[in-house]
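Take a look at the structure set out below.
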Amino acid sequence: MILVDSSVWIDYFNGVENTATNTLDEKLGLEKIAIGDLILTEVLQGFRSDADYKAAKNVLTSLTLYNLLNTELAIKSADHFRKLRKKEITIRKTVDVIIATYCIENKLPLLFIDRDFIPFVEHLKLRSVI
């Protein structure tokens, strides 16, 4: 099972080919793919066309869906942000901190493109799919 970040889904739905979208394409149907509730929101809010929105919603809601935040994970997310901040690393989006923390705590590999996840790999044991 892997969790796929919105950065990959957005490129995937836009037909962008890169290492992450190619990896996603290879794993679809062969491995269980998961999405988080916050990721689902990020991806779906970007569609302009109703038809594209509906098609993407059908695909994404057929995946394993995780609720990424509760009180314990909220506190751990803040702790992770603070650990990185002490190393003079600032993560730009709180959602990315939550996603990374969920994956770390649940030992779930993350497929991502967004550079904000790299410090989590380097300093907090986030497992990257690539």
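Labels used: A, B, ... for chains in the order of the structure tokens, numbers from 1 for residues in each chain, and numbers from 1 for ligands as shown.
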
Give me, as a PDB file with all heavy atoms, in the first residue's frame, all polymer residues having an atom no more than 12 Å from Asp96 (chain A), counting only C-alpha atoms and skipping those fewer than 4 positions away in the same chain.
```
ATOM      1  N   VAL A   4      -0.536   8.361  -2.240  1.00  0.00           N
ATOM      2  CA  VAL A   4      -0.115   9.225  -3.351  1.00  0.00           C
ATOM      3  C   VAL A   4      -0.533  10.658  -3.037  1.00  0.00           C
ATOM      4  O   VAL A   4      -1.710  10.926  -2.769  1.00  0.00           O
ATOM      5  CB  VAL A   4      -0.722   8.750  -4.690  1.00  0.00           C
ATOM      6  CG1 VAL A   4      -0.294   9.664  -5.827  1.00  0.00           C
ATOM      7  CG2 VAL A   4      -0.310   7.301  -4.977  1.00  0.00           C
ATOM      8  N   ASP A   5       0.432  11.563  -3.079  1.00  0.00           N
ATOM      9  CA  ASP A   5       0.185  12.972  -2.783  1.00  0.00           C
ATOM     10  C   ASP A   5      -0.507  13.665  -3.951  1.00  0.00           C
ATOM     11  O   ASP A   5      -0.420  13.247  -5.103  1.00  0.00           O
ATOM     12  CB  ASP A   5       1.512  13.671  -2.480  1.00  0.00           C
ATOM     13  CG  ASP A   5       1.322  15.137  -2.147  1.00  0.00           C
ATOM     14  OD1 ASP A   5       0.509  15.442  -1.253  1.00  0.00           O
ATOM     15  OD2 ASP A   5       1.968  15.990  -2.794  1.00  0.00           O
ATOM     16  N   SER A   6      -1.153  14.778  -3.623  1.00  0.00           N
ATOM     17  CA  SER A   6      -1.863  15.569  -4.636  1.00  0.00           C
ATOM     18  C   SER A   6      -0.941  16.042  -5.752  1.00  0.00           C
ATOM     19  O   SER A   6      -1.364  16.134  -6.906  1.00  0.00           O
ATOM     20  CB  SER A   6      -2.558  16.768  -3.991  1.00  0.00           C
ATOM     21  OG  SER A   6      -1.627  17.581  -3.319  1.00  0.00           O
ATOM     22  N   SER A   7       0.321  16.328  -5.441  1.00  0.00           N
ATOM     23  CA  SER A   7       1.262  16.791  -6.467  1.00  0.00           C
ATOM     24  C   SER A   7       1.372  15.782  -7.612  1.00  0.00           C
ATOM     25  O   SER A   7       1.461  16.158  -8.779  1.00  0.00           O
ATOM     26  CB  SER A   7       2.647  17.057  -5.856  1.00  0.00           C
ATOM     27  OG  SER A   7       3.161  15.908  -5.193  1.00  0.00           O
ATOM     28  N   GLY A  36      -5.525  10.350   0.887  1.00  0.00           N
ATOM     29  CA  GLY A  36      -6.005  10.939   2.130  1.00  0.00           C
ATOM     30  C   GLY A  36      -7.135  11.912   1.855  1.00  0.00           C
ATOM     31  O   GLY A  36      -7.245  12.451   0.743  1.00  0.00           O
ATOM     32  N   LEU A  38      -7.540  14.941   2.853  1.00  0.00           N
ATOM     33  CA  LEU A  38      -7.034  16.273   2.493  1.00  0.00           C
ATOM     34  C   LEU A  38      -6.487  16.300   1.070  1.00  0.00           C
ATOM     35  O   LEU A  38      -6.637  17.290   0.348  1.00  0.00           O
ATOM     36  CB  LEU A  38      -5.953  16.717   3.483  1.00  0.00           C
ATOM     37  CG  LEU A  38      -6.398  16.836   4.936  1.00  0.00           C
ATOM     38  CD1 LEU A  38      -5.207  17.115   5.844  1.00  0.00           C
ATOM     39  CD2 LEU A  38      -7.462  17.901   5.094  1.00  0.00           C
ATOM     40  N   ILE A  39      -5.874  15.205   0.671  1.00  0.00           N
ATOM     41  CA  ILE A  39      -5.356  15.083  -0.703  1.00  0.00           C
ATOM     42  C   ILE A  39      -6.518  15.066  -1.684  1.00  0.00           C
ATOM     43  O   ILE A  39      -6.474  15.725  -2.732  1.00  0.00           O
ATOM     44  CB  ILE A  39      -4.484  13.816  -0.843  1.00  0.00           C
ATOM     45  CG1 ILE A  39      -3.255  13.913   0.064  1.00  0.00           C
ATOM     46  CG2 ILE A  39      -4.086  13.582  -2.299  1.00  0.00           C
ATOM     47  CD1 ILE A  39      -2.511  12.606   0.259  1.00  0.00           C
ATOM     48  N   GLU A  42      -7.653  18.568  -2.146  1.00  0.00           N
ATOM     49  CA  GLU A  42      -6.713  19.356  -2.947  1.00  0.00           C
ATOM     50  C   GLU A  42      -6.840  19.044  -4.436  1.00  0.00           C
ATOM     51  O   GLU A  42      -6.806  19.940  -5.268  1.00  0.00           O
ATOM     52  CB  GLU A  42      -5.272  19.091  -2.507  1.00  0.00           C
ATOM     53  CG  GLU A  42      -4.883  19.727  -1.208  1.00  0.00           C
ATOM     54  CD  GLU A  42      -3.421  19.499  -0.864  1.00  0.00           C
ATOM     55  OE1 GLU A  42      -2.924  18.366  -1.023  1.00  0.00           O
ATOM     56  OE2 GLU A  42      -2.769  20.464  -0.448  1.00  0.00           O
ATOM     57  N   LEU A  68      -6.740  11.737   7.577  1.00  0.00           N
ATOM     58  CA  LEU A  68      -5.346  11.994   7.926  1.00  0.00           C
ATOM     59  C   LEU A  68      -5.119  12.684   9.261  1.00  0.00           C
ATOM     60  O   LEU A  68      -3.976  12.772   9.705  1.00  0.00           O
ATOM     61  CB  LEU A  68      -4.688  12.830   6.820  1.00  0.00           C
ATOM     62  CG  LEU A  68      -4.652  12.191   5.438  1.00  0.00           C
ATOM     63  CD1 LEU A  68      -3.984  13.131   4.446  1.00  0.00           C
ATOM     64  CD2 LEU A  68      -3.932  10.857   5.464  1.00  0.00           C
ATOM     65  N   LEU A  69      -6.152  13.164   9.924  1.00  0.00           N
ATOM     66  CA  LEU A  69      -5.908  13.957  11.115  1.00  0.00           C
ATOM     67  C   LEU A  69      -6.842  13.600  12.259  1.00  0.00           C
ATOM     68  O   LEU A  69      -8.033  13.385  12.058  1.00  0.00           O
ATOM     69  CB  LEU A  69      -6.049  15.447  10.778  1.00  0.00           C
ATOM     70  CG  LEU A  69      -5.481  16.436  11.781  1.00  0.00           C
ATOM     71  CD1 LEU A  69      -3.991  16.243  11.989  1.00  0.00           C
ATOM     72  CD2 LEU A  69      -5.734  17.858  11.302  1.00  0.00           C
ATOM     73  N   SER A  77       2.096  16.258  14.231  1.00  0.00           N
ATOM     74  CA  SER A  77       2.397  17.118  13.083  1.00  0.00           C
ATOM     75  C   SER A  77       3.075  18.404  13.544  1.00  0.00           C
ATOM     76  O   SER A  77       4.068  18.850  12.953  1.00  0.00           O
ATOM     77  CB  SER A  77       1.117  17.452  12.307  1.00  0.00           C
ATOM     78  OG  SER A  77       0.581  16.302  11.704  1.00  0.00           O
ATOM     79  N   ALA A  78       2.567  18.993  14.608  1.00  0.00           N
ATOM     80  CA  ALA A  78       3.189  20.202  15.156  1.00  0.00           C
ATOM     81  C   ALA A  78       4.609  19.897  15.636  1.00  0.00           C
ATOM     82  O   ALA A  78       5.540  20.687  15.408  1.00  0.00           O
ATOM     83  CB  ALA A  78       2.346  20.758  16.299  1.00  0.00           C
ATOM     84  N   HIS A  80       6.617  17.552  14.485  1.00  0.00           N
ATOM     85  CA  HIS A  80       7.463  17.385  13.294  1.00  0.00           C
ATOM     86  C   HIS A  80       7.833  18.736  12.687  1.00  0.00           C
ATOM     87  O   HIS A  80       8.987  18.964  12.317  1.00  0.00           O
ATOM     88  CB  HIS A  80       6.764  16.505  12.259  1.00  0.00           C
ATOM     89  CG  HIS A  80       6.775  15.062  12.611  1.00  0.00           C
ATOM     90  ND1 HIS A  80       5.866  14.178  12.094  1.00  0.00           N
ATOM     91  CD2 HIS A  80       7.573  14.332  13.431  1.00  0.00           C
ATOM     92  CE1 HIS A  80       6.103  12.969  12.574  1.00  0.00           C
ATOM     93  NE2 HIS A  80       7.132  13.043  13.387  1.00  0.00           N
ATOM     94  N   PHE A  81       6.852  19.621  12.578  1.00  0.00           N
ATOM     95  CA  PHE A  81       7.118  20.957  12.043  1.00  0.00           C
ATOM     96  C   PHE A  81       8.186  21.652  12.887  1.00  0.00           C
ATOM     97  O   PHE A  81       9.134  22.242  12.359  1.00  0.00           O
ATOM     98  CB  PHE A  81       5.832  21.788  12.014  1.00  0.00           C
ATOM     99  CG  PHE A  81       6.027  23.168  11.450  1.00  0.00           C
ATOM    100  CD1 PHE A  81       5.920  23.391  10.093  1.00  0.00           C
ATOM    101  CD2 PHE A  81       6.356  24.239  12.278  1.00  0.00           C
ATOM    102  CE1 PHE A  81       6.113  24.663   9.557  1.00  0.00           C
ATOM    103  CE2 PHE A  81       6.553  25.513  11.756  1.00  0.00           C
ATOM    104  CZ  PHE A  81       6.433  25.716  10.389  1.00  0.00           C
ATOM    105  N   THR A  90      11.755  25.238   6.945  1.00  0.00           N
ATOM    106  CA  THR A  90      10.355  25.625   7.085  1.00  0.00           C
ATOM    107  C   THR A  90       9.540  24.970   5.983  1.00  0.00           C
ATOM    108  O   THR A  90       9.841  25.142   4.801  1.00  0.00           O
ATOM    109  CB  THR A  90      10.202  27.159   7.008  1.00  0.00           C
ATOM    110  OG1 THR A  90      11.002  27.750   8.038  1.00  0.00           O
ATOM    111  CG2 THR A  90       8.748  27.568   7.198  1.00  0.00           C
ATOM    112  N   ILE A  91       8.539  24.230   6.380  1.00  0.00           N
ATOM    113  CA  ILE A  91       7.633  23.590   5.427  1.00  0.00           C
ATOM    114  C   ILE A  91       6.556  24.609   5.089  1.00  0.00           C
ATOM    115  O   ILE A  91       5.958  25.221   5.964  1.00  0.00           O
ATOM    116  CB  ILE A  91       7.027  22.304   6.022  1.00  0.00           C
ATOM    117  CG1 ILE A  91       8.136  21.358   6.498  1.00  0.00           C
ATOM    118  CG2 ILE A  91       6.102  21.633   5.012  1.00  0.00           C
ATOM    119  CD1 ILE A  91       9.140  20.958   5.455  1.00  0.00           C
ATOM    120  N   ARG A  92       6.295  24.777   3.790  1.00  0.00           N
ATOM    121  CA  ARG A  92       5.405  25.837   3.320  1.00  0.00           C
ATOM    122  C   ARG A  92       3.932  25.584   3.600  1.00  0.00           C
ATOM    123  O   ARG A  92       3.164  26.522   3.780  1.00  0.00           O
ATOM    124  CB  ARG A  92       5.598  26.055   1.816  1.00  0.00           C
ATOM    125  CG  ARG A  92       6.989  26.517   1.431  1.00  0.00           C
ATOM    126  CD  ARG A  92       7.201  26.527  -0.052  1.00  0.00           C
ATOM    127  NE  ARG A  92       7.119  25.145  -0.562  1.00  0.00           N
ATOM    128  CZ  ARG A  92       6.924  24.828  -1.825  1.00  0.00           C
ATOM    129  NH1 ARG A  92       6.782  25.775  -2.729  1.00  0.00           N
ATOM    130  NH2 ARG A  92       6.881  23.580  -2.207  1.00  0.00           N
ATOM    131  N   ALA A 100       2.761  14.001   5.661  1.00  0.00           N
ATOM    132  CA  ALA A 100       4.026  13.347   6.002  1.00  0.00           C
ATOM    133  C   ALA A 100       3.934  12.659   7.362  1.00  0.00           C
ATOM    134  O   ALA A 100       4.378  11.514   7.524  1.00  0.00           O
ATOM    135  CB  ALA A 100       5.168  14.354   5.981  1.00  0.00           C
ATOM    136  N   THR A 101       3.352  13.339   8.330  1.00  0.00           N
ATOM    137  CA  THR A 101       3.222  12.768   9.674  1.00  0.00           C
ATOM    138  C   THR A 101       2.360  11.518   9.654  1.00  0.00           C
ATOM    139  O   THR A 101       2.703  10.499  10.270  1.00  0.00           O
ATOM    140  CB  THR A 101       2.650  13.812  10.645  1.00  0.00           C
ATOM    141  OG1 THR A 101       3.557  14.915  10.706  1.00  0.00           O
ATOM    142  CG2 THR A 101       2.451  13.229  12.036  1.00  0.00           C
ATOM    143  N   TYR A 102       1.253  11.561   8.927  1.00  0.00           N
ATOM    144  CA  TYR A 102       0.395  10.377   8.824  1.00  0.00           C
ATOM    145  C   TYR A 102       1.185   9.193   8.269  1.00  0.00           C
ATOM    146  O   TYR A 102       1.116   8.086   8.798  1.00  0.00           O
ATOM    147  CB  TYR A 102      -0.822  10.665   7.944  1.00  0.00           C
ATOM    148  CG  TYR A 102      -1.780   9.506   7.919  1.00  0.00           C
ATOM    149  CD1 TYR A 102      -2.787   9.403   8.872  1.00  0.00           C
ATOM    150  CD2 TYR A 102      -1.653   8.481   6.988  1.00  0.00           C
ATOM    151  CE1 TYR A 102      -3.653   8.318   8.882  1.00  0.00           C
ATOM    152  CE2 TYR A 102      -2.500   7.394   6.990  1.00  0.00           C
ATOM    153  CZ  TYR A 102      -3.495   7.315   7.939  1.00  0.00           C
ATOM    154  OH  TYR A 102      -4.338   6.220   7.957  1.00  0.00           O
ATOM    155  N   CYS A 103       1.928   9.443   7.221  1.00  0.00           N
ATOM    156  CA  CYS A 103       2.710   8.370   6.596  1.00  0.00           C
ATOM    157  C   CYS A 103       3.802   7.849   7.525  1.00  0.00           C
ATOM    158  O   CYS A 103       4.027   6.637   7.612  1.00  0.00           O
ATOM    159  CB  CYS A 103       3.317   8.855   5.287  1.00  0.00           C
ATOM    160  SG  CYS A 103       2.100   9.073   3.975  1.00  0.00           S
ATOM    161  N   LEU A 110       5.162   7.169   0.754  1.00  0.00           N
ATOM    162  CA  LEU A 110       4.494   8.283   0.071  1.00  0.00           C
ATOM    163  C   LEU A 110       5.106   8.491  -1.304  1.00  0.00           C
ATOM    164  O   LEU A 110       6.330   8.576  -1.451  1.00  0.00           O
ATOM    165  CB  LEU A 110       4.634   9.560   0.901  1.00  0.00           C
ATOM    166  CG  LEU A 110       3.990  10.827   0.330  1.00  0.00           C
ATOM    167  CD1 LEU A 110       2.471  10.681   0.256  1.00  0.00           C
ATOM    168  CD2 LEU A 110       4.368  12.044   1.174  1.00  0.00           C
ATOM    169  N   PHE A 112       5.440  11.199  -4.037  1.00  0.00           N
ATOM    170  CA  PHE A 112       5.298  12.655  -4.083  1.00  0.00           C
ATOM    171  C   PHE A 112       6.246  13.268  -5.096  1.00  0.00           C
ATOM    172  O   PHE A 112       7.225  12.654  -5.519  1.00  0.00           O
ATOM    173  CB  PHE A 112       5.569  13.262  -2.694  1.00  0.00           C
ATOM    174  CG  PHE A 112       6.971  13.074  -2.199  1.00  0.00           C
ATOM    175  CD1 PHE A 112       7.963  13.994  -2.484  1.00  0.00           C
ATOM    176  CD2 PHE A 112       7.314  11.960  -1.446  1.00  0.00           C
ATOM    177  CE1 PHE A 112       9.267  13.820  -2.032  1.00  0.00           C
ATOM    178  CE2 PHE A 112       8.604  11.771  -0.989  1.00  0.00           C
ATOM    179  CZ  PHE A 112       9.588  12.709  -1.284  1.00  0.00           C
ATOM    180  N   ILE A 113       5.940  14.521  -5.449  1.00  0.00           N
ATOM    181  CA  ILE A 113       6.813  15.359  -6.262  1.00  0.00           C
ATOM    182  C   ILE A 113       7.235  16.581  -5.458  1.00  0.00           C
ATOM    183  O   ILE A 113       8.347  17.069  -5.581  1.00  0.00           O
ATOM    184  CB  ILE A 113       6.100  15.812  -7.561  1.00  0.00           C
ATOM    185  CG1 ILE A 113       5.732  14.612  -8.420  1.00  0.00           C
ATOM    186  CG2 ILE A 113       6.966  16.791  -8.347  1.00  0.00           C
ATOM    187  CD1 ILE A 113       4.805  14.946  -9.578  1.00  0.00           C
ATOM    188  N   ASP A 114       6.350  17.052  -4.618  1.00  0.00           N
ATOM    189  CA  ASP A 114       6.524  18.281  -3.845  1.00  0.00           C
ATOM    190  C   ASP A 114       7.794  18.226  -2.993  1.00  0.00           C
ATOM    191  O   ASP A 114       7.961  17.335  -2.161  1.00  0.00           O
ATOM    192  CB  ASP A 114       5.294  18.465  -2.958  1.00  0.00           C
ATOM    193  CG  ASP A 114       5.216  19.817  -2.291  1.00  0.00           C
ATOM    194  OD1 ASP A 114       6.270  20.395  -1.984  1.00  0.00           O
ATOM    195  OD2 ASP A 114       4.093  20.292  -2.070  1.00  0.00           O
ATOM    196  N   ARG A 115       8.655  19.207  -3.145  1.00  0.00           N
ATOM    197  CA  ARG A 115       9.951  19.239  -2.451  1.00  0.00           C
ATOM    198  C   ARG A 115       9.820  19.399  -0.943  1.00  0.00           C
ATOM    199  O   ARG A 115      10.762  19.111  -0.202  1.00  0.00           O
ATOM    200  CB  ARG A 115      10.822  20.343  -3.025  1.00  0.00           C
ATOM    201  CG  ARG A 115      10.275  21.740  -2.789  1.00  0.00           C
ATOM    202  CD  ARG A 115      11.116  22.802  -3.494  1.00  0.00           C
ATOM    203  NE  ARG A 115      10.384  24.041  -3.596  1.00  0.00           N
ATOM    204  CZ  ARG A 115      10.652  25.115  -2.876  1.00  0.00           C
ATOM    205  NH1 ARG A 115      11.661  25.107  -2.032  1.00  0.00           N
ATOM    206  NH2 ARG A 115       9.931  26.206  -3.010  1.00  0.00           N
ATOM    207  N   ASP A 116       8.674  19.841  -0.457  1.00  0.00           N
ATOM    208  CA  ASP A 116       8.494  19.993   0.987  1.00  0.00           C
ATOM    209  C   ASP A 116       8.539  18.656   1.727  1.00  0.00           C
ATOM    210  O   ASP A 116       8.698  18.630   2.950  1.00  0.00           O
ATOM    211  CB  ASP A 116       7.181  20.708   1.308  1.00  0.00           C
ATOM    212  CG  ASP A 116       7.303  22.220   1.226  1.00  0.00           C
ATOM    213  OD1 ASP A 116       8.435  22.731   1.330  1.00  0.00           O
ATOM    214  OD2 ASP A 116       6.271  22.882   1.059  1.00  0.00           O
ATOM    215  N   PHE A 117       8.396  17.547   1.034  1.00  0.00           N
ATOM    216  CA  PHE A 117       8.461  16.244   1.690  1.00  0.00           C
ATOM    217  C   PHE A 117       9.898  15.754   1.880  1.00  0.00           C
ATOM    218  O   PHE A 117      10.141  14.877   2.706  1.00  0.00           O
ATOM    219  CB  PHE A 117       7.649  15.199   0.906  1.00  0.00           C
ATOM    220  CG  PHE A 117       6.172  15.451   0.967  1.00  0.00           C
ATOM    221  CD1 PHE A 117       5.482  15.880  -0.157  1.00  0.00           C
ATOM    222  CD2 PHE A 117       5.464  15.267   2.146  1.00  0.00           C
ATOM    223  CE1 PHE A 117       4.117  16.115  -0.112  1.00  0.00           C
ATOM    224  CE2 PHE A 117       4.098  15.504   2.208  1.00  0.00           C
ATOM    225  CZ  PHE A 117       3.425  15.924   1.078  1.00  0.00           C
ATOM    226  N   ILE A 118      10.829  16.295   1.144  1.00  0.00           N
ATOM    227  CA  ILE A 118      12.217  15.829   1.218  1.00  0.00           C
ATOM    228  C   ILE A 118      12.796  15.927   2.632  1.00  0.00           C
ATOM    229  O   ILE A 118      13.427  14.967   3.103  1.00  0.00           O
ATOM    230  CB  ILE A 118      13.087  16.550   0.167  1.00  0.00           C
ATOM    231  CG1 ILE A 118      12.611  16.151  -1.238  1.00  0.00           C
ATOM    232  CG2 ILE A 118      14.572  16.234   0.364  1.00  0.00           C
ATOM    233  CD1 ILE A 118      13.216  16.954  -2.372  1.00  0.00           C
ATOM    234  N   PRO A 119      12.605  17.030   3.366  1.00  0.00           N
ATOM    235  CA  PRO A 119      13.127  17.064   4.737  1.00  0.00           C
ATOM    236  C   PRO A 119      12.550  15.973   5.649  1.00  0.00           C
ATOM    237  O   PRO A 119      13.224  15.492   6.556  1.00  0.00           O
ATOM    238  CB  PRO A 119      12.725  18.454   5.243  1.00  0.00           C
ATOM    239  CG  PRO A 119      12.558  19.270   4.012  1.00  0.00           C
ATOM    240  CD  PRO A 119      12.038  18.325   2.979  1.00  0.00           C
ATOM    241  N   PHE A 120      11.324  15.569   5.392  1.00  0.00           N
ATOM    242  CA  PHE A 120      10.729  14.489   6.177  1.00  0.00           C
ATOM    243  C   PHE A 120      11.428  13.166   5.889  1.00  0.00           C
ATOM    244  O   PHE A 120      11.581  12.337   6.779  1.00  0.00           O
ATOM    245  CB  PHE A 120       9.228  14.371   5.888  1.00  0.00           C
ATOM    246  CG  PHE A 120       8.430  15.531   6.404  1.00  0.00           C
ATOM    247  CD1 PHE A 120       8.118  16.598   5.571  1.00  0.00           C
ATOM    248  CD2 PHE A 120       8.000  15.564   7.718  1.00  0.00           C
ATOM    249  CE1 PHE A 120       7.385  17.673   6.039  1.00  0.00           C
ATOM    250  CE2 PHE A 120       7.259  16.634   8.198  1.00  0.00           C
ATOM    251  CZ  PHE A 120       6.955  17.695   7.360  1.00  0.00           C
ATOM    252  N   LEU A 126      10.415   9.545   6.845  1.00  0.00           N
ATOM    253  CA  LEU A 126       9.342   9.320   5.876  1.00  0.00           C
ATOM    254  C   LEU A 126       9.890   8.416   4.786  1.00  0.00           C
ATOM    255  O   LEU A 126      11.008   8.630   4.286  1.00  0.00           O
ATOM    256  CB  LEU A 126       8.883  10.650   5.254  1.00  0.00           C
ATOM    257  CG  LEU A 126       7.869  10.548   4.105  1.00  0.00           C
ATOM    258  CD1 LEU A 126       6.558   9.955   4.569  1.00  0.00           C
ATOM    259  CD2 LEU A 126       7.637  11.936   3.501  1.00  0.00           C
TER     260      LEU A 126
END
```

Secondary structure check, helix (DSSP H, G or I) residues of region 14-113 of chain A, as JSON, numbers by chain: {"A": [19, 20, 21, 22, 23, 24, 25, 26, 27, 37, 38, 39, 40, 41, 42, 43, 44, 50, 51, 52, 53, 54, 55, 56, 57, 58, 59, 60, 71, 72, 73, 74, 75, 76, 77, 78, 79, 80, 81, 82, 83, 84, 85, 86, 94, 95, 96, 97, 98, 99, 100, 101, 102, 103, 104, 105]}

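Residues with any atom within 8 Å of Leu108 (chain A), counting only C-alpha atoms and excluding same-chain neighbours fewer than 6 positions away, are Met1, Ile2, Leu3, Tyr102 and Arg127 of chain A.
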
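Of the listed residues (A:Leu111, A:Leu124, A:Ile33, A:Ile10), A:Ile10 comes nearest to Gln45 (chain A); the distances count only C-alpha atoms.
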
Which is closest to Asn22 (chain A) among A:Ala34, A:Ile130, A:Leu65, A:Val121, if we use only C-alpha atoms? A:Ile130

Among region 21-106 of chain A, which ones does DSSP assign to strand (DSSP E or B) (computed from the backbone)? Answer as a PyMOL selection string. chain A and resi 33-36+64-66

Could you please take those selected residues and save N, CA, C and O atoms as a tab-separated table (two decimals), in the first residue's frame?
```
chain	number	residue	atom	x	y	z
A	33	ILE	N	-3.40	1.39	-3.79
A	33	ILE	CA	-3.12	2.82	-3.79
A	33	ILE	C	-4.09	3.47	-2.82
A	33	ILE	O	-5.29	3.19	-2.83
A	34	ALA	N	-3.56	4.37	-2.00
A	34	ALA	CA	-4.40	5.07	-1.04
A	34	ALA	C	-4.33	6.57	-1.29
A	34	ALA	O	-3.39	7.08	-1.90
A	35	ILE	N	-5.35	7.24	-0.79
A	35	ILE	CA	-5.42	8.69	-0.85
A	35	ILE	C	-5.94	9.18	0.50
A	35	ILE	O	-6.68	8.46	1.18
A	36	GLY	N	-5.53	10.35	0.89
A	36	GLY	CA	-6.00	10.94	2.13
A	36	GLY	C	-7.13	11.91	1.85
A	36	GLY	O	-7.24	12.45	0.74
A	64	THR	N	-8.46	3.30	-1.49
A	64	THR	CA	-8.50	3.29	-0.03
A	64	THR	C	-8.36	4.74	0.43
A	64	THR	O	-7.45	5.44	0.00
A	65	LEU	N	-9.27	5.18	1.28
A	65	LEU	CA	-9.29	6.58	1.74
A	65	LEU	C	-8.98	6.63	3.23
A	65	LEU	O	-9.62	5.96	4.03
A	66	TYR	N	-7.97	7.43	3.57
A	66	TYR	CA	-7.59	7.62	4.98
A	66	TYR	C	-7.99	9.00	5.45
A	66	TYR	O	-7.80	9.98	4.72
```

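Interatomic distance, CA of Lys76 (chain A) against CA of Ile98 (chain A): 8.6 Å.
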
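Atom pair CA of Leu24 (chain A) / CA of Glu105 (chain A) has a distance of 22.4 Å (rounded to one decimal).
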
If we count only C-alpha atoms and set the cut-off at 9 Å, which residues sit around region 50-57 of chain A, ignoring sequence neighbours fewer than 6 positions away in its own chain? Please answer as a list in words. Phe13, Leu40, Val43 and Leu44 of chain A
